[in-house]
$ cat data.txt   # compact mmCIF, C-alpha atoms
# COMPACT_ATOMS: atom_id res chain seq x y z
CA MET V 1 -23.02 -1.99 29.26
CA LYS V 2 -22.69 1.03 26.93
CA LYS V 3 -24.99 1.19 23.91
CA TYR V 4 -24.43 2.79 20.54
CA ASP V 5 -26.17 2.68 17.17
CA VAL V 6 -22.82 2.27 15.44
CA ILE V 7 -19.48 1.13 16.81
CA ILE V 8 -16.31 1.40 14.76
CA VAL V 9 -13.36 -0.70 15.89
CA GLY V 10 -10.13 1.04 14.90
CA GLY V 11 -9.27 4.74 15.06
CA GLY V 12 -7.24 4.94 11.90
CA ALA V 13 -7.88 6.49 8.49
CA ALA V 14 -10.80 4.22 7.52
CA GLY V 15 -12.37 4.31 10.99
CA PHE V 16 -12.45 8.10 11.28
CA PHE V 17 -13.54 8.60 7.68
CA ALA V 18 -16.44 6.19 8.16
CA ALA V 19 -17.51 7.71 11.49
CA ILE V 20 -17.60 11.26 10.11
CA ASN V 21 -19.55 10.24 7.00
CA ILE V 22 -22.07 8.16 8.97
CA ALA V 23 -22.68 11.15 11.24
CA GLU V 24 -23.18 13.43 8.25
CA PHE V 25 -25.54 11.01 6.50
CA ASN V 26 -27.57 10.48 9.68
CA PRO V 27 -27.01 12.95 12.57
CA GLU V 28 -29.46 11.00 14.77
CA LEU V 29 -27.12 8.05 15.21
CA LYS V 30 -25.01 7.57 18.31
CA ILE V 31 -21.51 6.64 17.11
CA ALA V 32 -18.37 5.49 18.90
CA ILE V 33 -14.84 4.70 17.75
CA LEU V 34 -12.97 2.16 19.88
CA GLU V 35 -9.21 2.64 19.49
CA ARG V 36 -6.76 0.39 21.35
CA GLY V 37 -3.95 3.00 21.37
CA LYS V 38 -3.69 6.11 23.48
CA GLU V 39 -4.17 8.14 20.30
CA GLY V 40 -5.49 7.33 16.83
CA LEU V 41 -4.51 8.04 13.23
CA GLN V 42 -0.91 6.91 13.76
CA LYS V 43 -0.46 5.62 10.23
CA VAL V 44 -1.83 8.89 8.86
CA LYS V 45 0.74 10.71 10.99
CA ILE V 46 3.81 8.93 9.62
CA SER V 47 2.69 8.21 6.06
CA GLY V 48 4.51 9.96 3.23
CA GLY V 49 7.39 10.89 5.52
CA GLY V 50 5.02 12.80 7.83
CA ARG V 51 3.26 14.60 4.97
CA CYS V 52 0.41 12.06 4.48
CA ASN V 53 0.11 10.77 0.93
CA VAL V 54 -3.71 11.19 0.83
CA THR V 55 -4.36 9.72 -2.62
CA HIS V 56 -2.98 9.48 -6.16
CA ALA V 57 -3.87 11.60 -9.20
CA GLU V 58 -5.39 8.74 -11.18
CA PHE V 59 -8.95 9.56 -12.22
CA ILE V 60 -10.00 6.54 -14.28
CA PRO V 61 -11.31 3.60 -12.19
CA SER V 62 -10.02 0.93 -14.60
CA GLU V 63 -6.53 2.48 -14.40
CA LEU V 64 -6.66 3.05 -10.65
CA VAL V 65 -7.44 -0.61 -9.85
CA GLN V 66 -4.26 -1.75 -11.59
CA ASN V 67 -2.30 -0.55 -8.54
CA TYR V 68 -3.88 -3.21 -6.30
CA PRO V 69 -2.20 -6.65 -6.39
CA ARG V 70 -5.08 -7.92 -4.23
CA GLY V 71 -8.46 -6.21 -4.72
CA GLU V 72 -8.16 -5.13 -8.35
CA LYS V 73 -11.38 -6.84 -9.49
CA GLU V 74 -13.39 -6.07 -6.34
CA LEU V 75 -12.57 -2.34 -6.21
CA LEU V 76 -13.63 -1.48 -9.77
CA GLY V 77 -17.31 -1.04 -8.83
CA PRO V 78 -16.60 0.89 -5.60
CA PHE V 79 -14.24 3.28 -7.43
CA HIS V 80 -17.09 4.19 -9.77
CA GLN V 81 -18.98 5.32 -6.64
CA PHE V 82 -16.21 7.13 -4.74
CA MET V 83 -12.66 7.66 -5.91
CA THR V 84 -9.87 10.22 -6.28
CA GLY V 85 -11.94 13.21 -7.40
CA ASP V 86 -14.42 12.58 -4.58
CA THR V 87 -11.58 12.37 -2.06
CA ILE V 88 -10.14 15.70 -3.22
CA GLU V 89 -13.58 17.33 -3.02
CA TRP V 90 -14.31 15.82 0.42
CA PHE V 91 -11.16 17.33 1.91
CA GLU V 92 -11.51 20.65 0.10
CA ASN V 93 -15.07 21.02 1.43
CA ARG V 94 -13.56 20.78 4.91
CA GLY V 95 -10.80 23.31 4.30
CA VAL V 96 -7.98 20.94 3.33
CA GLU V 97 -6.51 21.64 -0.08
CA LEU V 98 -4.46 18.92 -1.78
CA LYS V 99 -1.66 19.27 -4.35
CA ILE V 100 -0.34 16.89 -6.99
CA GLU V 101 3.39 16.12 -7.14
CA ASP V 102 5.29 15.17 -10.31
CA ASP V 103 4.95 11.44 -9.64
CA GLY V 104 1.16 11.70 -9.14
CA ARG V 105 1.15 11.45 -5.35
CA MET V 106 -1.18 13.90 -3.61
CA PHE V 107 -0.43 15.65 -0.32
CA PRO V 108 -2.04 18.43 1.70
CA VAL V 109 -0.72 21.82 0.55
CA SER V 110 0.55 22.28 4.13
CA ASN V 111 2.96 19.34 3.60
CA SER V 112 1.95 18.11 7.05
CA SER V 113 -0.05 15.04 8.02
CA GLN V 114 -1.22 17.01 11.07
CA THR V 115 -3.55 18.92 8.70
CA ILE V 116 -5.40 15.66 7.92
CA ILE V 117 -5.42 14.57 11.57
CA ASP V 118 -6.80 17.95 12.71
CA CYS V 119 -9.47 17.80 10.02
CA PHE V 120 -10.63 14.37 11.22
CA LEU V 121 -10.56 15.28 14.92
CA ASN V 122 -12.47 18.53 14.32
CA GLU V 123 -15.10 16.84 12.15
CA ALA V 124 -15.54 13.99 14.65
CA LYS V 125 -15.97 16.51 17.48
CA LYS V 126 -18.39 18.62 15.42
CA HIS V 127 -20.58 15.57 14.76
CA ASN V 128 -20.43 14.26 18.36
CA VAL V 129 -18.57 11.07 17.48
CA ASN V 130 -17.42 9.48 20.73
CA ILE V 131 -13.72 8.55 20.46
CA LEU V 132 -12.69 6.07 23.14
CA TYR V 133 -8.92 5.55 23.35
CA ASN V 134 -7.16 2.70 25.20
CA HIS V 135 -10.11 0.42 24.39
CA SER V 136 -8.87 -2.96 23.26
CA VAL V 137 -11.55 -5.32 21.91
CA LYS V 138 -11.29 -8.80 23.40
CA SER V 139 -14.35 -10.49 21.86
CA ILE V 140 -17.17 -9.87 19.41
CA TYR V 141 -20.51 -11.70 19.54
CA PRO V 142 -23.44 -11.30 17.17
CA ASN V 143 -26.84 -11.45 18.85
CA ASN V 144 -27.56 -14.95 17.55
CA ASN V 145 -24.72 -16.17 19.75
CA ASP V 146 -25.71 -17.94 22.96
CA ASN V 147 -23.11 -15.93 24.89
CA VAL V 148 -25.02 -12.70 24.35
CA MET V 149 -27.77 -11.88 26.80
CA LEU V 150 -30.10 -9.32 25.24
CA SER V 151 -32.87 -7.61 27.13
CA ALA V 152 -36.46 -8.67 26.36
CA VAL V 153 -37.01 -5.31 24.62
CA GLU V 154 -33.98 -5.75 22.38
CA ALA V 155 -34.94 -9.32 21.59
CA SER V 156 -38.49 -8.31 20.69
CA HIS V 157 -37.18 -5.68 18.25
CA GLY V 158 -35.07 -8.36 16.59
CA LEU V 159 -32.10 -6.03 16.35
CA ASP V 160 -28.88 -7.29 14.79
CA ASN V 161 -26.90 -6.31 17.83
CA PHE V 162 -23.24 -6.98 18.40
CA LYS V 163 -21.78 -7.31 21.85
CA LEU V 164 -18.16 -6.30 22.28
CA GLN V 165 -16.10 -7.07 25.34
CA THR V 166 -13.17 -4.67 25.84
CA ASN V 167 -10.53 -4.12 28.51
CA GLN V 168 -12.71 -1.24 29.71
CA GLY V 169 -16.14 -2.86 29.84
CA ASP V 170 -18.78 -4.17 27.47
CA PHE V 171 -20.51 -2.43 24.57
CA ILE V 172 -23.54 -3.22 22.48
CA SER V 173 -24.24 -1.85 19.05
CA GLU V 174 -26.73 -2.38 16.25
CA LYS V 175 -24.10 -1.92 13.53
CA LEU V 176 -20.41 -2.66 13.62
CA LEU V 177 -17.55 -1.57 11.35
CA ILE V 178 -14.14 -3.21 11.64
CA ALA V 179 -11.35 -0.88 10.47
CA THR V 180 -8.37 -2.23 12.37
CA GLY V 181 -5.91 -2.66 9.50
CA SER V 182 -3.59 -5.66 9.63
CA ASN V 183 -4.33 -6.68 13.22
CA PRO V 184 -3.92 -10.45 13.80
CA LYS V 185 -5.90 -10.35 17.07
CA ILE V 186 -8.95 -8.89 15.34
CA TRP V 187 -8.54 -11.30 12.43
CA LYS V 188 -8.70 -14.12 14.99
CA LEU V 189 -12.00 -12.73 16.38
CA LEU V 190 -13.38 -12.56 12.84
CA GLU V 191 -12.32 -16.16 12.25
CA ASP V 192 -14.42 -17.02 15.30
CA LEU V 193 -17.34 -15.43 13.39
CA ASN V 194 -16.63 -17.88 10.52
CA HIS V 195 -14.81 -15.42 8.28
CA THR V 196 -11.82 -16.78 6.36
CA ILE V 197 -8.51 -14.96 6.75
CA SER V 198 -5.81 -15.03 4.08
CA GLN V 199 -2.61 -15.30 6.07
CA PRO V 200 -0.66 -12.06 6.34
CA ILE V 201 2.62 -11.66 4.48
CA PRO V 202 4.68 -8.50 3.83
CA SER V 203 3.71 -6.66 0.66
CA LEU V 204 5.89 -3.55 0.31
CA PHE V 205 9.55 -4.25 0.93
CA THR V 206 12.99 -3.52 -0.48
CA PHE V 207 15.48 -6.13 -1.68
CA ASP V 208 18.66 -7.03 0.22
CA ILE V 209 21.45 -7.52 -2.33
CA LYS V 210 25.17 -7.95 -1.72
CA ASP V 211 26.91 -7.26 -5.04
CA LYS V 212 30.15 -5.43 -5.74
CA ARG V 213 28.53 -3.60 -8.69
CA ILE V 214 26.34 -1.63 -6.29
CA LYS V 215 28.29 -1.81 -3.02
CA THR V 216 30.00 1.57 -3.43
CA ILE V 217 27.16 3.56 -5.04
CA PRO V 218 24.27 3.89 -2.54
CA GLY V 219 22.00 6.81 -3.37
CA VAL V 220 22.29 6.36 -7.14
CA VAL V 221 18.96 6.38 -9.01
CA ALA V 222 18.37 4.78 -12.42
CA LYS V 223 15.33 6.66 -13.70
CA ASN V 224 13.57 4.01 -15.74
CA VAL V 225 14.47 0.33 -15.60
CA ALA V 226 12.66 -2.91 -16.37
CA ILE V 227 13.00 -5.73 -13.83
CA LYS V 228 11.87 -9.32 -13.79
CA VAL V 229 12.18 -12.11 -11.28
CA VAL V 230 14.07 -15.02 -12.86
CA ASP V 231 11.92 -18.16 -13.37
CA SER V 232 8.61 -16.34 -12.91
CA ASN V 233 6.11 -14.05 -14.66
CA LEU V 234 6.80 -11.23 -12.20
CA GLU V 235 8.02 -8.02 -13.78
CA SER V 236 7.85 -4.27 -13.21
CA GLU V 237 9.33 -1.02 -14.41
CA GLY V 238 10.10 2.45 -13.09
CA PRO V 239 12.77 4.23 -11.05
CA LEU V 240 15.33 2.14 -9.18
CA LEU V 241 17.25 3.34 -6.11
CA ILE V 242 20.47 1.69 -4.98
CA THR V 243 20.64 1.65 -1.17
CA HIS V 244 23.32 0.69 1.35
CA VAL V 245 21.65 -2.75 1.71
CA GLY V 246 20.40 -3.37 -1.83
CA MET V 247 17.68 -1.88 -4.01
CA SER V 248 14.46 0.11 -3.50
CA ALA V 249 12.16 2.70 -5.20
CA PRO V 250 8.96 2.07 -7.21
CA ALA V 251 10.35 -0.57 -9.61
CA ILE V 252 11.30 -2.78 -6.64
CA LEU V 253 8.31 -1.97 -4.44
CA LYS V 254 5.87 -2.75 -7.25
CA LEU V 255 7.60 -6.10 -7.75
CA SER V 256 7.43 -6.83 -4.01
CA ALA V 257 3.70 -6.01 -3.88
CA PHE V 258 2.60 -8.00 -6.93
CA GLY V 259 5.01 -10.80 -6.03
CA ALA V 260 4.24 -10.87 -2.28
CA ILE V 261 2.96 -14.47 -2.24
CA GLU V 262 5.46 -15.87 -4.73
CA LEU V 263 8.48 -14.22 -3.07
CA ALA V 264 7.37 -15.36 0.40
CA LYS V 265 7.28 -18.94 -0.93
CA ARG V 266 10.87 -18.48 -2.08
CA ASP V 267 11.80 -17.26 1.40
CA TYR V 268 12.94 -13.98 -0.20
CA LYS V 269 15.86 -15.67 -1.92
CA PHE V 270 15.73 -15.33 -5.70
CA GLU V 271 17.39 -13.69 -8.69
CA ILE V 272 16.29 -10.59 -10.59
CA GLU V 273 17.25 -9.53 -14.08
CA ILE V 274 17.49 -5.78 -14.71
CA ASN V 275 17.36 -3.98 -18.03
CA PHE V 276 18.88 -0.61 -17.10
CA ILE V 277 18.29 1.03 -20.49
CA ARG V 278 14.97 -0.53 -21.64
CA GLN V 279 16.48 -1.77 -24.92
CA SER V 280 16.77 -5.28 -26.34
CA LEU V 281 20.18 -6.95 -26.19
CA ASN V 282 20.57 -6.70 -29.99
CA ASP V 283 19.58 -3.02 -30.15
CA CYS V 284 21.99 -2.29 -27.33
CA LEU V 285 24.81 -4.09 -29.17
CA ASP V 286 24.10 -2.10 -32.34
CA ASN V 287 24.22 1.14 -30.35
CA LEU V 288 27.46 0.14 -28.64
CA LYS V 289 29.05 -0.56 -32.04
CA GLU V 290 28.00 2.91 -33.21
CA LEU V 291 29.49 4.45 -30.07
CA LYS V 292 32.73 2.52 -30.75
CA GLN V 293 32.95 4.37 -34.09
CA GLU V 294 31.84 7.80 -32.84
CA LEU V 295 33.80 7.96 -29.58
CA ASN V 296 36.79 5.87 -30.63
CA LYS V 297 39.44 7.95 -28.79
CA LYS V 298 37.47 8.50 -25.58
CA THR V 299 37.71 6.16 -22.60
CA VAL V 300 34.63 4.02 -22.07
CA PHE V 301 34.75 4.37 -18.27
CA LYS V 302 34.79 8.14 -18.13
CA PHE V 303 31.68 9.17 -20.07
CA ALA V 304 28.32 7.61 -19.15
CA GLN V 305 25.98 6.63 -22.01
CA PHE V 306 22.22 5.87 -22.34
CA ASP V 307 21.36 8.58 -19.77
CA LEU V 308 22.66 6.36 -16.97
CA PRO V 309 24.05 7.88 -13.76
CA LYS V 310 27.83 8.09 -14.12
CA ARG V 311 28.66 5.96 -11.06
CA LEU V 312 26.31 3.18 -12.15
CA TRP V 313 27.69 3.25 -15.71
CA GLN V 314 31.23 2.94 -14.36
CA GLN V 315 30.38 -0.09 -12.23
CA LEU V 316 28.72 -1.84 -15.19
CA VAL V 317 31.78 -1.05 -17.36
CA LEU V 318 34.14 -2.56 -14.76
CA ALA V 319 31.85 -5.61 -14.41
CA SER V 320 32.26 -6.13 -18.19
CA HIS V 321 36.04 -6.58 -17.73
CA ILE V 322 36.77 -3.19 -19.28
CA SER V 323 39.52 -1.23 -17.51
CA GLU V 324 39.30 2.45 -16.58
CA LYS V 325 41.77 3.34 -19.34
CA THR V 326 40.28 1.34 -22.23
CA THR V 327 39.12 3.50 -25.14
CA TRP V 328 36.07 2.74 -27.24
CA ALA V 329 38.33 1.87 -30.19
CA GLU V 330 40.10 -0.79 -28.09
CA LEU V 331 36.93 -2.69 -27.17
CA ASN V 332 36.89 -6.28 -28.44
CA LYS V 333 33.81 -8.37 -29.25
CA GLN V 334 33.76 -10.14 -25.85
CA GLN V 335 33.81 -6.80 -24.02
CA LEU V 336 31.03 -5.36 -26.20
CA ASP V 337 28.90 -8.47 -25.58
CA ALA V 338 29.61 -8.34 -21.85
CA LEU V 339 28.69 -4.64 -21.62
CA ALA V 340 25.46 -5.19 -23.58
CA LEU V 341 24.55 -7.97 -21.11
CA GLN V 342 25.29 -5.76 -18.08
CA LEU V 343 23.12 -2.99 -19.52
CA THR V 344 20.13 -5.11 -20.56
CA LYS V 345 20.25 -8.41 -18.66
CA ALA V 346 22.17 -7.79 -15.43
CA VAL V 347 21.40 -10.53 -12.92
CA PHE V 348 21.45 -9.78 -9.17
CA LYS V 349 20.95 -12.22 -6.31
CA VAL V 350 18.37 -11.16 -3.70
CA GLU V 351 19.12 -12.56 -0.24
CA GLY V 352 16.32 -11.15 1.86
CA LYS V 353 14.03 -8.17 2.37
CA SER V 354 13.83 -5.00 4.43
CA THR V 355 10.71 -3.07 5.44
CA PHE V 356 10.09 -0.02 3.30
CA LYS V 357 10.19 3.00 5.66
CA GLU V 358 6.95 3.15 7.65
CA GLU V 359 4.80 1.88 4.77
CA PHE V 360 4.19 -1.40 6.59
CA VAL V 361 1.66 -2.81 4.18
CA THR V 362 0.54 -6.40 4.56
CA ALA V 363 -1.04 -8.72 2.05
CA GLY V 364 -3.66 -10.76 3.87
CA GLY V 365 -6.95 -10.27 5.64
CA ILE V 366 -10.62 -11.12 5.19
CA ASN V 367 -11.36 -13.25 2.15
CA LEU V 368 -12.84 -10.90 -0.44
CA LYS V 369 -15.49 -13.44 -1.51
CA GLU V 370 -17.13 -12.97 1.92
CA VAL V 371 -17.78 -9.24 1.43
CA ASN V 372 -20.44 -7.38 -0.56
CA PHE V 373 -18.42 -4.67 -2.33
CA LYS V 374 -21.49 -2.53 -3.04
CA THR V 375 -21.72 -1.79 0.69
CA PHE V 376 -18.60 -3.40 2.25
CA GLU V 377 -20.95 -5.47 4.43
CA SER V 378 -20.15 -9.01 5.50
CA LYS V 379 -22.01 -11.68 3.54
CA LEU V 380 -22.03 -13.84 6.69
CA HIS V 381 -23.37 -11.36 9.26
CA LYS V 382 -25.91 -8.63 8.68
CA ASN V 383 -24.80 -5.18 9.92
CA LEU V 384 -21.12 -6.17 10.12
CA TYR V 385 -18.94 -4.02 7.84
CA PHE V 386 -15.27 -3.71 6.93
CA ALA V 387 -13.02 -0.97 5.54
CA GLY V 388 -9.32 -0.57 4.84
CA GLU V 389 -6.56 -3.11 5.23
CA VAL V 390 -8.52 -5.48 7.48
CA LEU V 391 -9.62 -6.84 4.09
CA ASN V 392 -7.26 -8.80 1.85
CA VAL V 393 -6.66 -5.67 -0.24
CA ASP V 394 -3.31 -3.96 -0.62
CA ALA V 395 -1.67 -1.59 -3.05
CA VAL V 396 1.64 -0.34 -4.32
CA THR V 397 3.07 2.77 -2.70
CA GLY V 398 1.80 6.20 -3.73
CA GLY V 399 -1.45 6.93 -1.88
CA PHE V 400 -3.39 3.94 -3.17
CA ASN V 401 -3.85 2.22 0.21
CA PHE V 402 -5.44 5.37 1.60
CA GLN V 403 -7.76 5.63 -1.42
CA ASN V 404 -8.95 2.08 -0.69
CA ALA V 405 -9.60 3.16 2.92
CA TRP V 406 -11.59 6.26 1.90
CA THR V 407 -13.67 4.40 -0.67
CA GLY V 408 -14.53 1.44 1.55
CA ALA V 409 -15.26 3.65 4.55
CA TYR V 410 -17.48 5.97 2.51
CA LEU V 411 -19.58 3.19 0.98
CA ALA V 412 -19.87 1.39 4.32
CA ALA V 413 -20.93 4.68 5.95
CA LYS V 414 -23.60 5.25 3.32
CA SER V 415 -25.08 1.81 3.97
CA MET V 416 -24.72 1.91 7.78
CA SER V 417 -26.41 5.30 8.08
CA LYS V 418 -29.70 4.01 6.67
$ encode --input "data.txt" --output "structure tokens"
Amino acid sequence: MKKYDVIIVGGGAAGFFAAINIAEFNPELKIAILERGKEGLQKVKISGGGRCNVTHAEFIPSELVQNYPRGEKELLGPFHQFMTGDTIEWFENRGVELKIEDDGRMFPVSNSSQTIIDCFLNEAKKHNVNILYNHSVKSIYPNNNDNVMLSAVEASHGLDNFKLQTNQGDFISEKLLIATGSNPKIWKLLEDLNHTISQPIPSLFTFDIKDKRIKTIPGVVAKNVAIKVVDSNLESEGPLLITHVGMSAPAILKLSAFGAIELAKRDYKFEIEINFIRQSLNDCLDNLKELKQELNKKTVFKFAQFDLPKRLWQQLVLASHISEKTTWAELNKQQLDALALQLTKAVFKVEGKSTFKEEFVTAGGINLKEVNFKTFESKLHKNLYFAGEVLNVDAVTGGFNFQNAWTGAYLAAKSMSK
């Protein structure tokens, strides 16, 4: 049986970040990462299209937490301890410079996730963290479990040991951090330790929509729309991308994240209402009447208005029963009303979902009431800690899920190193 002071289950972002920080806080500790794959940091590798979206340029904790559909309340305190600025400094101190893009996302200046992976591997090696690949954890027992046979010496010290059985032998550790992301097998082991698991459901996904208004215009982006789910309080705003299967981009992804539970209940079949120009119906009508006067001899179809992409404008014009040759002067009241509705209250039927690239984020995980968010320690078992998506915390796209991983791992590391 191999013994360590600290064992971390999961060789992803949170696992490596915790291991390195524990080693820095307390170089005396013997630390191991158990990773079930043949290599770790796979999500880091593919995130942000292979560039690794490390964090987001949001520096106020109360603003930052608003990007977490689950975890908003719990993360406020932790973000006051370690957040975006600390993340930037942490990486810069280890030779990795980050840059901010126009939308606030932050990437390594190298534009390669390999920079982050190399940083972690080098730091882990420097601090003698033992990384054990192809180690799949089969069971976890705390020392108060009858299945665990501790030596007389261990028992006399009253250590809060954990015994882990893996496919490559047994391990014992005084402190244990679970950083396995959305792994149902590990969740099951934690249920056996009396933790409650909120059932996993997809959180970031795009909408499947079959509609002739968008069928021929994939790739078109409406820069700033407002969307709401019909018969609900769910709404969002931001850029909208029309895809070959439906709709995507931040406005949709935000809606999918905050509506994860509600939309799952509806089996991903529902209606959305889109305001393409962010104006009220009446204001839009007034503006259309003005355009009718100003552009009277021009064809409605040909010249896009309200800063809309031309191809989108043309589809909304056709959907309002206005022909390609109709001039503004020829528009009747019904056509004006119909166009105003298409621009401000266009209803689309969603008939399913698709996974958003590799950002496979899941809502679900350990019940947040069972975790002390000052230290990320379990309230049920002393010396058992969690970080990252193993918890029922998830965020919208843009680097926020990684920031949750860094913050939780850092605060857990601080506590575990004592």
$ closest_residue --input "data.txt" --among "V:Leu411, V:Pro200, V:Lys418, V:Leu291" --to "Phe82 of chain V" --atoms "only C-alpha atoms"
V:Leu411
$ residues_around --input "data.txt" --residues "Gly259 of chain V" --least-positions-apart "5" --cutoff "12 Å" --atoms "all atoms listed in the file" --output "mmCIF file with C-alpha atoms, keeping the file's coordinate frame"
data_model
loop_
_atom_site.group_PDB
_atom_site.id
_atom_site.type_symbol
_atom_site.label_atom_id
_atom_site.label_comp_id
_atom_site.auth_asym_id
_atom_site.auth_seq_id
_atom_site.Cartn_x
_atom_site.Cartn_y
_atom_site.Cartn_z
ATOM 1 C CA TYR V 68 -3.880 -3.210 -6.300
ATOM 2 C CA PRO V 69 -2.200 -6.650 -6.390
ATOM 3 C CA ARG V 70 -5.080 -7.920 -4.230
ATOM 4 C CA ILE V 201 2.620 -11.660 4.480
ATOM 5 C CA PRO V 202 4.680 -8.500 3.830
ATOM 6 C CA SER V 203 3.710 -6.660 0.660
ATOM 7 C CA LEU V 204 5.890 -3.550 0.310
ATOM 8 C CA PHE V 205 9.550 -4.250 0.930
ATOM 9 C CA LYS V 228 11.870 -9.320 -13.790
ATOM 10 C CA VAL V 229 12.180 -12.110 -11.280
ATOM 11 C CA SER V 232 8.610 -16.340 -12.910
ATOM 12 C CA ASN V 233 6.110 -14.050 -14.660
ATOM 13 C CA LEU V 234 6.800 -11.230 -12.200
ATOM 14 C CA GLU V 235 8.020 -8.020 -13.780
ATOM 15 C CA SER V 236 7.850 -4.270 -13.210
ATOM 16 C CA ILE V 252 11.300 -2.780 -6.640
ATOM 17 C CA LEU V 253 8.310 -1.970 -4.440
ATOM 18 C CA LYS V 254 5.870 -2.750 -7.250
ATOM 19 C CA ALA V 264 7.370 -15.360 0.400
ATOM 20 C CA LYS V 265 7.280 -18.940 -0.930
ATOM 21 C CA ARG V 266 10.870 -18.480 -2.080
ATOM 22 C CA ASP V 267 11.800 -17.260 1.400
ATOM 23 C CA TYR V 268 12.940 -13.980 -0.200
ATOM 24 C CA PHE V 270 15.730 -15.330 -5.700
ATOM 25 C CA ALA V 363 -1.040 -8.720 2.050
ATOM 26 C CA ALA V 395 -1.670 -1.590 -3.050
ATOM 27 C CA VAL V 396 1.640 -0.340 -4.320
#
$ closest_residue --input "data.txt" --among "V:Asp5, V:Glu58, V:Glu74, V:Glu324" --to "Lys374 of chain V" --atoms "only C-alpha atoms"
V:Glu74
$ closest_residue --input "data.txt" --among "V:Ala179, V:Ile117, V:Ile20, V:Leu75" --to "Val96 of chain V" --atoms "only C-alpha atoms"
V:Ile117
$ atom_distance --input "data.txt" --atom1 "atom CA of Lys30 of chain V" --atom2 "atom CA of Tyr4 of chain V"
5.3 Å
$ closest_residue --input "data.txt" --among "V:Lys2, V:Arg36, V:Lys223, V:Arg311" --to "Ile277 of chain V" --atoms "only C-alpha atoms"
V:Lys223
$ atom_distance --input "data.txt" --atom1 "atom CA of Val245 of chain V" --atom2 "atom CA of Lys212 of chain V"
11.6 Å
$ decode --input "data.txt" --residues "segment 177-204 of chain V" --atoms "C-alpha atoms" --output "PDB file, in the first residue's frame"
ATOM      1  CA  LEU V 177      -8.852  16.257  -2.876  1.00  0.00           C
ATOM      2  CA  ILE V 178     -11.391  15.195  -5.485  1.00  0.00           C
ATOM      3  CA  ALA V 179     -10.963  17.140  -8.739  1.00  0.00           C
ATOM      4  CA  THR V 180     -12.466  14.757 -11.262  1.00  0.00           C
ATOM      5  CA  GLY V 181     -14.898  17.104 -13.012  1.00  0.00           C
ATOM      6  CA  SER V 182     -18.227  15.656 -14.108  1.00  0.00           C
ATOM      7  CA  ASN V 183     -17.371  12.000 -13.532  1.00  0.00           C
ATOM      8  CA  PRO V 184     -20.441   9.881 -12.644  1.00  0.00           C
ATOM      9  CA  LYS V 185     -18.308   7.015 -11.272  1.00  0.00           C
ATOM     10  CA  ILE V 186     -16.624   9.298  -8.742  1.00  0.00           C
ATOM     11  CA  TRP V 187     -19.955  10.921  -7.882  1.00  0.00           C
ATOM     12  CA  LYS V 188     -21.233   7.427  -7.065  1.00  0.00           C
ATOM     13  CA  LEU V 189     -18.274   6.850  -4.692  1.00  0.00           C
ATOM     14  CA  LEU V 190     -19.016  10.183  -3.015  1.00  0.00           C
ATOM     15  CA  GLU V 191     -22.665   9.177  -2.633  1.00  0.00           C
ATOM     16  CA  ASP V 192     -21.374   6.116  -0.778  1.00  0.00           C
ATOM     17  CA  LEU V 193     -19.702   8.613   1.601  1.00  0.00           C
ATOM     18  CA  ASN V 194     -23.158  10.165   2.192  1.00  0.00           C
ATOM     19  CA  HIS V 195     -22.676  13.169  -0.076  1.00  0.00           C
ATOM     20  CA  THR V 196     -25.713  14.249  -2.107  1.00  0.00           C
ATOM     21  CA  ILE V 197     -25.285  14.546  -5.864  1.00  0.00           C
ATOM     22  CA  SER V 198     -27.427  16.856  -7.993  1.00  0.00           C
ATOM     23  CA  GLN V 199     -28.073  14.828 -11.112  1.00  0.00           C
ATOM     24  CA  PRO V 200     -25.988  15.874 -14.117  1.00  0.00           C
ATOM     25  CA  ILE V 201     -27.641  17.623 -17.047  1.00  0.00           C
ATOM     26  CA  PRO V 202     -26.037  19.462 -19.993  1.00  0.00           C
ATOM     27  CA  SER V 203     -25.387  23.144 -19.332  1.00  0.00           C
ATOM     28  CA  LEU V 204     -23.760  24.689 -22.417  1.00  0.00           C
TER      29      LEU V 204
END
